[in-house]
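Asks: Dropping in query.txt, which is compact mmCIF, C-alpha atoms:
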# COMPACT_ATOMS: atom_id res chain seq x y z
CA MET A 1 0.00 0.00 0.00
CA ILE A 2 2.78 2.44 0.92
CA ARG A 3 4.64 1.61 -2.31
CA GLU A 4 1.48 2.36 -4.35
CA ASN A 5 1.12 5.79 -2.69
CA ILE A 6 4.77 6.64 -3.35
CA GLU A 7 4.46 5.57 -6.99
CA GLY A 8 1.23 7.55 -7.35
CA ARG A 9 2.86 10.72 -5.99
CA ARG A 10 5.89 10.26 -8.24
CA MET A 11 3.64 9.91 -11.29
CA LYS A 12 1.76 13.10 -10.42
CA ARG A 13 5.03 15.10 -10.33
CA THR A 14 6.06 13.80 -13.77
CA SER A 15 2.64 13.76 -15.37
CA GLU A 16 1.43 15.51 -18.50
CA ALA A 17 -0.59 17.88 -16.31
CA ALA A 18 2.59 19.15 -14.62
CA PHE A 19 4.18 19.70 -18.03
CA GLU A 20 1.05 21.55 -19.20
CA THR A 21 1.16 23.73 -16.10
CA SER A 22 4.80 24.64 -16.74
CA ILE A 23 4.11 25.59 -20.36
CA GLU A 24 1.02 27.53 -19.32
CA ALA A 25 2.91 29.51 -16.67
CA VAL A 26 5.62 30.58 -19.12
CA LEU A 27 3.15 31.64 -21.82
CA LEU A 28 0.81 33.48 -19.45
CA ALA A 29 3.79 35.42 -18.11
CA ASP A 30 4.66 36.33 -21.72
CA GLY A 31 1.29 37.92 -22.52
CA TYR A 32 -0.94 35.00 -23.46
CA LYS A 33 -4.44 34.84 -22.01
CA GLN A 34 -6.12 31.74 -20.62
CA VAL A 35 -9.18 30.91 -22.76
CA ASP A 36 -11.74 28.50 -21.36
CA ALA A 37 -12.18 25.32 -23.41
CA LEU A 38 -15.96 25.67 -23.04
CA GLU A 39 -15.81 28.74 -25.32
CA PHE A 40 -14.66 26.54 -28.23
CA ASP A 41 -17.25 25.91 -30.97
CA ARG A 42 -16.61 22.31 -31.98
CA GLU A 43 -18.67 22.56 -35.15
CA ARG A 44 -16.86 25.62 -36.47
CA ALA A 45 -13.48 24.82 -34.86
CA ILE A 46 -12.93 28.37 -33.56
CA PHE A 47 -13.41 30.42 -30.42
CA PRO A 48 -16.19 32.72 -31.70
CA ASP A 49 -16.26 35.19 -28.80
CA GLU A 50 -12.50 35.79 -29.11
CA ALA A 51 -12.71 36.32 -32.87
CA LEU A 52 -15.64 38.74 -32.65
CA ALA A 53 -14.11 40.69 -29.77
CA PHE A 54 -10.90 41.16 -31.77
CA ILE A 55 -12.77 42.33 -34.88
CA ARG A 56 -14.94 44.76 -32.91
CA ALA A 57 -11.95 46.21 -31.05
CA THR A 58 -9.74 46.70 -34.10
CA GLN A 59 -12.16 47.39 -36.95
CA GLY A 60 -14.99 49.37 -35.44
CA LYS A 61 -15.87 51.35 -38.57
CA VAL A 62 -16.31 48.25 -40.71
CA TRP A 63 -18.21 46.55 -37.88
CA ASP A 64 -20.58 49.53 -37.64
CA LYS A 65 -21.29 49.36 -41.39
CA LEU A 66 -22.02 45.64 -41.15
CA GLU A 67 -24.19 46.22 -38.10
CA ALA A 68 -26.22 48.80 -40.03
CA LEU A 69 -26.97 46.05 -42.57
CA HIS A 70 -27.51 43.07 -40.27
CA GLY A 71 -28.45 44.49 -36.88
CA GLU A 72 -28.40 41.93 -34.10
CA HIS A 73 -27.32 39.18 -36.53
CA THR A 74 -24.00 40.87 -37.36
CA GLY A 75 -21.91 38.53 -35.22
CA ALA A 76 -23.51 35.44 -36.76
CA ARG A 77 -22.97 36.78 -40.28
CA VAL A 78 -19.33 37.64 -39.61
CA LEU A 79 -18.65 34.21 -38.09
CA GLU A 80 -20.36 32.51 -41.03
CA SER A 81 -18.19 34.44 -43.50
CA LEU A 82 -15.04 33.81 -41.46
CA CYS A 83 -15.64 30.07 -41.25
CA LYS A 84 -16.42 29.77 -44.96
CA TRP A 85 -13.23 31.69 -45.75
CA LEU A 86 -11.20 29.47 -43.40
CA ASP A 87 -12.63 26.35 -45.03
CA THR A 88 -11.86 27.63 -48.53
CA TYR A 89 -8.47 29.34 -48.07
CA GLY A 90 -7.12 27.92 -44.81
CA ALA A 91 -6.00 29.53 -41.58
CA LEU A 92 -2.68 30.92 -42.77
CA ALA A 93 -4.09 32.78 -45.80
CA THR A 94 -6.98 34.07 -43.70
CA LEU A 95 -4.61 35.36 -41.02
CA ARG A 96 -2.37 37.01 -43.61
CA HIS A 97 -4.98 38.58 -45.87
CA GLY A 98 -8.27 38.70 -43.94
CA PHE A 99 -11.67 37.65 -45.26
CA LYS A 100 -14.64 39.15 -47.05
CA CYS A 101 -17.96 39.65 -45.34
CA PHE A 102 -20.71 41.15 -47.46
CA GLY A 103 -18.24 43.13 -49.56
CA LYS A 104 -16.18 44.36 -46.61
CA THR A 105 -12.69 43.07 -45.85
CA LEU A 106 -12.11 42.13 -42.22
CA ARG A 107 -8.77 41.14 -40.72
CA ILE A 108 -8.43 38.36 -38.18
CA ALA A 109 -4.82 39.26 -37.28
CA PHE A 110 -2.40 42.12 -37.63
CA PHE A 111 1.31 41.51 -38.09
CA ARG A 112 4.13 43.57 -36.65
CA PRO A 113 4.70 46.69 -38.75
CA ALA A 114 8.06 47.05 -40.51
CA HIS A 115 8.73 50.27 -38.59
CA GLY A 116 7.26 52.22 -35.69
CA LEU A 117 6.32 55.31 -37.67
CA ASN A 118 2.61 54.54 -37.80
CA PRO A 119 1.10 54.37 -34.29
CA GLU A 120 -2.23 53.05 -35.61
CA LEU A 121 -0.56 49.98 -37.14
CA GLU A 122 1.41 49.42 -33.96
CA ALA A 123 -1.77 49.62 -31.88
CA ARG A 124 -3.54 47.11 -34.13
CA TYR A 125 -0.63 44.71 -33.84
CA LYS A 126 -0.71 44.99 -30.05
CA ALA A 127 -4.46 44.30 -30.09
CA ASN A 128 -3.90 40.70 -31.22
CA ARG A 129 -5.23 38.27 -28.65
CA LEU A 130 -2.87 35.37 -28.00
CA GLY A 131 -4.62 32.60 -26.15
CA LEU A 132 -3.92 29.27 -24.52
CA THR A 133 -6.42 26.52 -23.79
CA ARG A 134 -5.78 23.29 -21.91
CA GLN A 135 -7.63 20.03 -22.49
CA LEU A 136 -9.61 21.11 -25.52
CA TYR A 137 -12.30 18.67 -26.65
CA PHE A 138 -12.23 19.38 -30.35
CA SER A 139 -14.55 16.91 -32.05
CA PRO A 140 -18.34 17.13 -32.08
CA LYS A 141 -18.41 13.34 -32.60
CA SER A 142 -16.06 12.13 -29.86
CA GLN A 143 -14.56 13.07 -26.53
CA LYS A 144 -10.96 13.18 -27.76
CA SER A 145 -8.97 16.12 -26.44
CA LEU A 146 -5.77 18.02 -27.09
CA ASP A 147 -3.50 18.79 -24.16
CA VAL A 148 -2.71 22.42 -25.08
CA VAL A 149 -3.95 24.64 -27.91
CA LEU A 150 -2.48 28.04 -28.77
CA LEU A 151 -4.71 30.49 -30.60
CA VAL A 152 -4.54 33.88 -32.25
CA ASN A 153 -7.72 35.94 -32.07
CA GLY A 154 -9.90 32.87 -31.66
CA ILE A 155 -8.26 30.82 -34.42
CA PRO A 156 -6.52 27.66 -33.12
CA LEU A 157 -3.05 27.49 -34.69
CA VAL A 158 -0.84 25.24 -32.59
CA THR A 159 -1.79 22.01 -30.86
CA LEU A 160 0.44 20.30 -28.31
CA GLU A 161 0.01 16.69 -27.34
CA LEU A 162 2.34 16.26 -24.37
CA LYS A 163 3.83 12.98 -23.24
CA ASN A 164 5.35 11.89 -19.97
CA PRO A 165 9.13 11.38 -20.41
CA LEU A 166 8.91 8.17 -18.36
Can you present the structure in this file as structure tokens?
Replies:
Amino acid sequence: MIRENIEGRRMKRTSEAAFETSIEAVLLADGYKQVDALEFDRERAIFPDEALAFIRATQGKVWDKLEALHGEHTGARVLESLCKWLDTYGALATLRHGFKCFGKTLRIAFFRPAHGLNPELEARYKANRLGLTRQLYFSPKSQKSLDVVLLVNGIPLVTLELKNPL
């Protein structure tokens, strides 16, 4: 019985969860934000609240024009357009070039400007939302999960499946 308890404690110290916690601590200290796995839309494979919050915060004028057209359904229309664009062109192209929504171009990420001469571009770059989610159940058909997922403005980009070194 004592041996089992000692082995159990040793396994907890070297478990995947401890490795996840270490990675999480480093990234959170470097500006990432913890995003709850329950916010993930399994059908669309994005974090819709994160994506919409980023678009509203960085592209208010375009959002206002879309809202004048769609009213309370603006968020749903934007997410629909974003997901179609992601399915057609992929995450990298969408992050680089943005997507079209009813004739308006929306960006889902802003890259670091080549120089610091334009404060507006610098502010947009700093508005990117880097997120981290642990134990993300990704499939609508099963209960499989990923240990750690890194996201940019609601778009999952990096998945980590951690293993115990023992």
Asks: Using CA of Gly60 in chain A and CA of Gly116 in chain A as the two end points, give the distance in Å to one decimal.
Replies: 22.4 Å
Asks: Under the rule that all atoms listed in the file are counted, which of A:Asn128, A:Ser15, A:Thr74, A:Ser142 is the nearest residue to Lys33 in chain A?
Replies: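 Between A:Asn128, A:Ser15, A:Thr74, A:Ser142, the residue approaching Lys33 in chain A most closely is A:Asn128.
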Asks: Hey, what's within 12 Å of Val149 in chain A if we count only C-alpha atoms and toss same-chain stuff fewer than 3 positions away? As a short mmCIF file (atom, residue, chain, number, x, y, z; two decimals) with C-alpha atoms, in the frame of the given file, please?
Replies:
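Written output follows (selection.cif):
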data_model
loop_
_atom_site.label_atom_id
_atom_site.label_comp_id
_atom_site.auth_asym_id
_atom_site.auth_seq_id
_atom_site.Cartn_x
_atom_site.Cartn_y
_atom_site.Cartn_z
CA GLU A 20 1.05 21.55 -19.20
CA ILE A 23 4.11 25.59 -20.36
CA GLU A 24 1.02 27.53 -19.32
CA LEU A 27 3.15 31.64 -21.82
CA TYR A 32 -0.94 35.00 -23.46
CA LYS A 33 -4.44 34.84 -22.01
CA GLN A 34 -6.12 31.74 -20.62
CA VAL A 35 -9.18 30.91 -22.76
CA ASP A 36 -11.74 28.50 -21.36
CA ALA A 37 -12.18 25.32 -23.41
CA PHE A 40 -14.66 26.54 -28.23
CA ALA A 45 -13.48 24.82 -34.86
CA ILE A 46 -12.93 28.37 -33.56
CA PHE A 47 -13.41 30.42 -30.42
CA LEU A 130 -2.87 35.37 -28.00
CA GLY A 131 -4.62 32.60 -26.15
CA LEU A 132 -3.92 29.27 -24.52
CA THR A 133 -6.42 26.52 -23.79
CA ARG A 134 -5.78 23.29 -21.91
CA GLN A 135 -7.63 20.03 -22.49
CA LEU A 136 -9.61 21.11 -25.52
CA TYR A 137 -12.30 18.67 -26.65
CA PHE A 138 -12.23 19.38 -30.35
CA SER A 145 -8.97 16.12 -26.44
CA LEU A 146 -5.77 18.02 -27.09
CA VAL A 152 -4.54 33.88 -32.25
CA GLY A 154 -9.90 32.87 -31.66
CA ILE A 155 -8.26 30.82 -34.42
CA PRO A 156 -6.52 27.66 -33.12
CA LEU A 157 -3.05 27.49 -34.69
CA VAL A 158 -0.84 25.24 -32.59
CA THR A 159 -1.79 22.01 -30.86
CA LEU A 160 0.44 20.30 -28.31
CA GLU A 161 0.01 16.69 -27.34
CA LEU A 162 2.34 16.26 -24.37
#
Asks: Around the point (-21.7, 34.8, -38.2) (coordinates from the file), which residues reach within 12 Å if we count all atoms listed in the file? Answer as an MDAnalysis selection string.
Replies: chainID A and resid 44 46 48:49 51:52 66:67 70:85 101:102
Asks: Can you work out which one of A:Val26, A:Lys100, A:Asp41, A:Leu106 has the shortest atom-to-atom distance to Lys61 in chain A, counting all atoms listed in the file?
Replies: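 Distance minimum relative to Lys61 in chain A lands on A:Leu106.
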Asks: Please identify all polymer residues within 8 Å of Phe54 in chain A, counting only C-alpha atoms, omitting same-chain residues fewer than 4 positions from it, and present them as a PyMOL selection string.
Replies: chain A and resi 50+58+108+127-129+153
Asks: Distance cut-off 12 Å, centre (-4.0, 38.1, -41.0) in file coordinates, counting only C-alpha atoms: which residues qualify? Return them as a compact mmCIF listing (two decimals) with C-alpha atoms, in the coordinates of the input.
Replies:
# COMPACT_ATOMS: atom_id res chain seq x y z
CA PHE A 54 -10.90 41.16 -31.77
CA ILE A 55 -12.77 42.33 -34.88
CA LEU A 82 -15.04 33.81 -41.46
CA LEU A 86 -11.20 29.47 -43.40
CA GLY A 90 -7.12 27.92 -44.81
CA ALA A 91 -6.00 29.53 -41.58
CA LEU A 92 -2.68 30.92 -42.77
CA ALA A 93 -4.09 32.78 -45.80
CA THR A 94 -6.98 34.07 -43.70
CA LEU A 95 -4.61 35.36 -41.02
CA ARG A 96 -2.37 37.01 -43.61
CA HIS A 97 -4.98 38.58 -45.87
CA GLY A 98 -8.27 38.70 -43.94
CA PHE A 99 -11.67 37.65 -45.26
CA THR A 105 -12.69 43.07 -45.85
CA LEU A 106 -12.11 42.13 -42.22
CA ARG A 107 -8.77 41.14 -40.72
CA ILE A 108 -8.43 38.36 -38.18
CA ALA A 109 -4.82 39.26 -37.28
CA PHE A 110 -2.40 42.12 -37.63
CA PHE A 111 1.31 41.51 -38.09
CA ARG A 112 4.13 43.57 -36.65
CA ARG A 124 -3.54 47.11 -34.13
CA TYR A 125 -0.63 44.71 -33.84
CA ASN A 128 -3.90 40.70 -31.22
CA VAL A 152 -4.54 33.88 -32.25
CA ASN A 153 -7.72 35.94 -32.07
CA ILE A 155 -8.26 30.82 -34.42
Asks: Provide an axis-aligned box for all listed atoms of range 15-31 of chain A, padding each side by 4 Å; report its centre and its edge lengths in Å to one decimal, as JSON.
Replies:
{"center_x": 2.5, "center_y": 25.8, "center_z": -18.6, "size_x": 14.2, "size_y": 32.2, "size_z": 15.9}
Asks: For Gln59 in chain A, which residue out of A:Leu38, A:Leu121, A:Leu28, A:Ala17 is the nearest one, using all atoms listed in the file?
Replies: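 Nearest to Gln59 in chain A: A:Leu121.
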Asks: What gap, in Å, lies between CA of Leu150 in chain A and CA of Asn118 in chain A?
Replies: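 About the pair CA of Leu150 in chain A and CA of Asn118 in chain A: they are 28.5 Å apart.
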Asks: What does the structure give for the distance between CA of Asp87 in chain A and CA of Glu43 in chain A, in Å to one decimal?
Replies: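 Spanning CA of Asp87 in chain A to CA of Glu43 in chain A is a straight-line distance of 12.2 Å.
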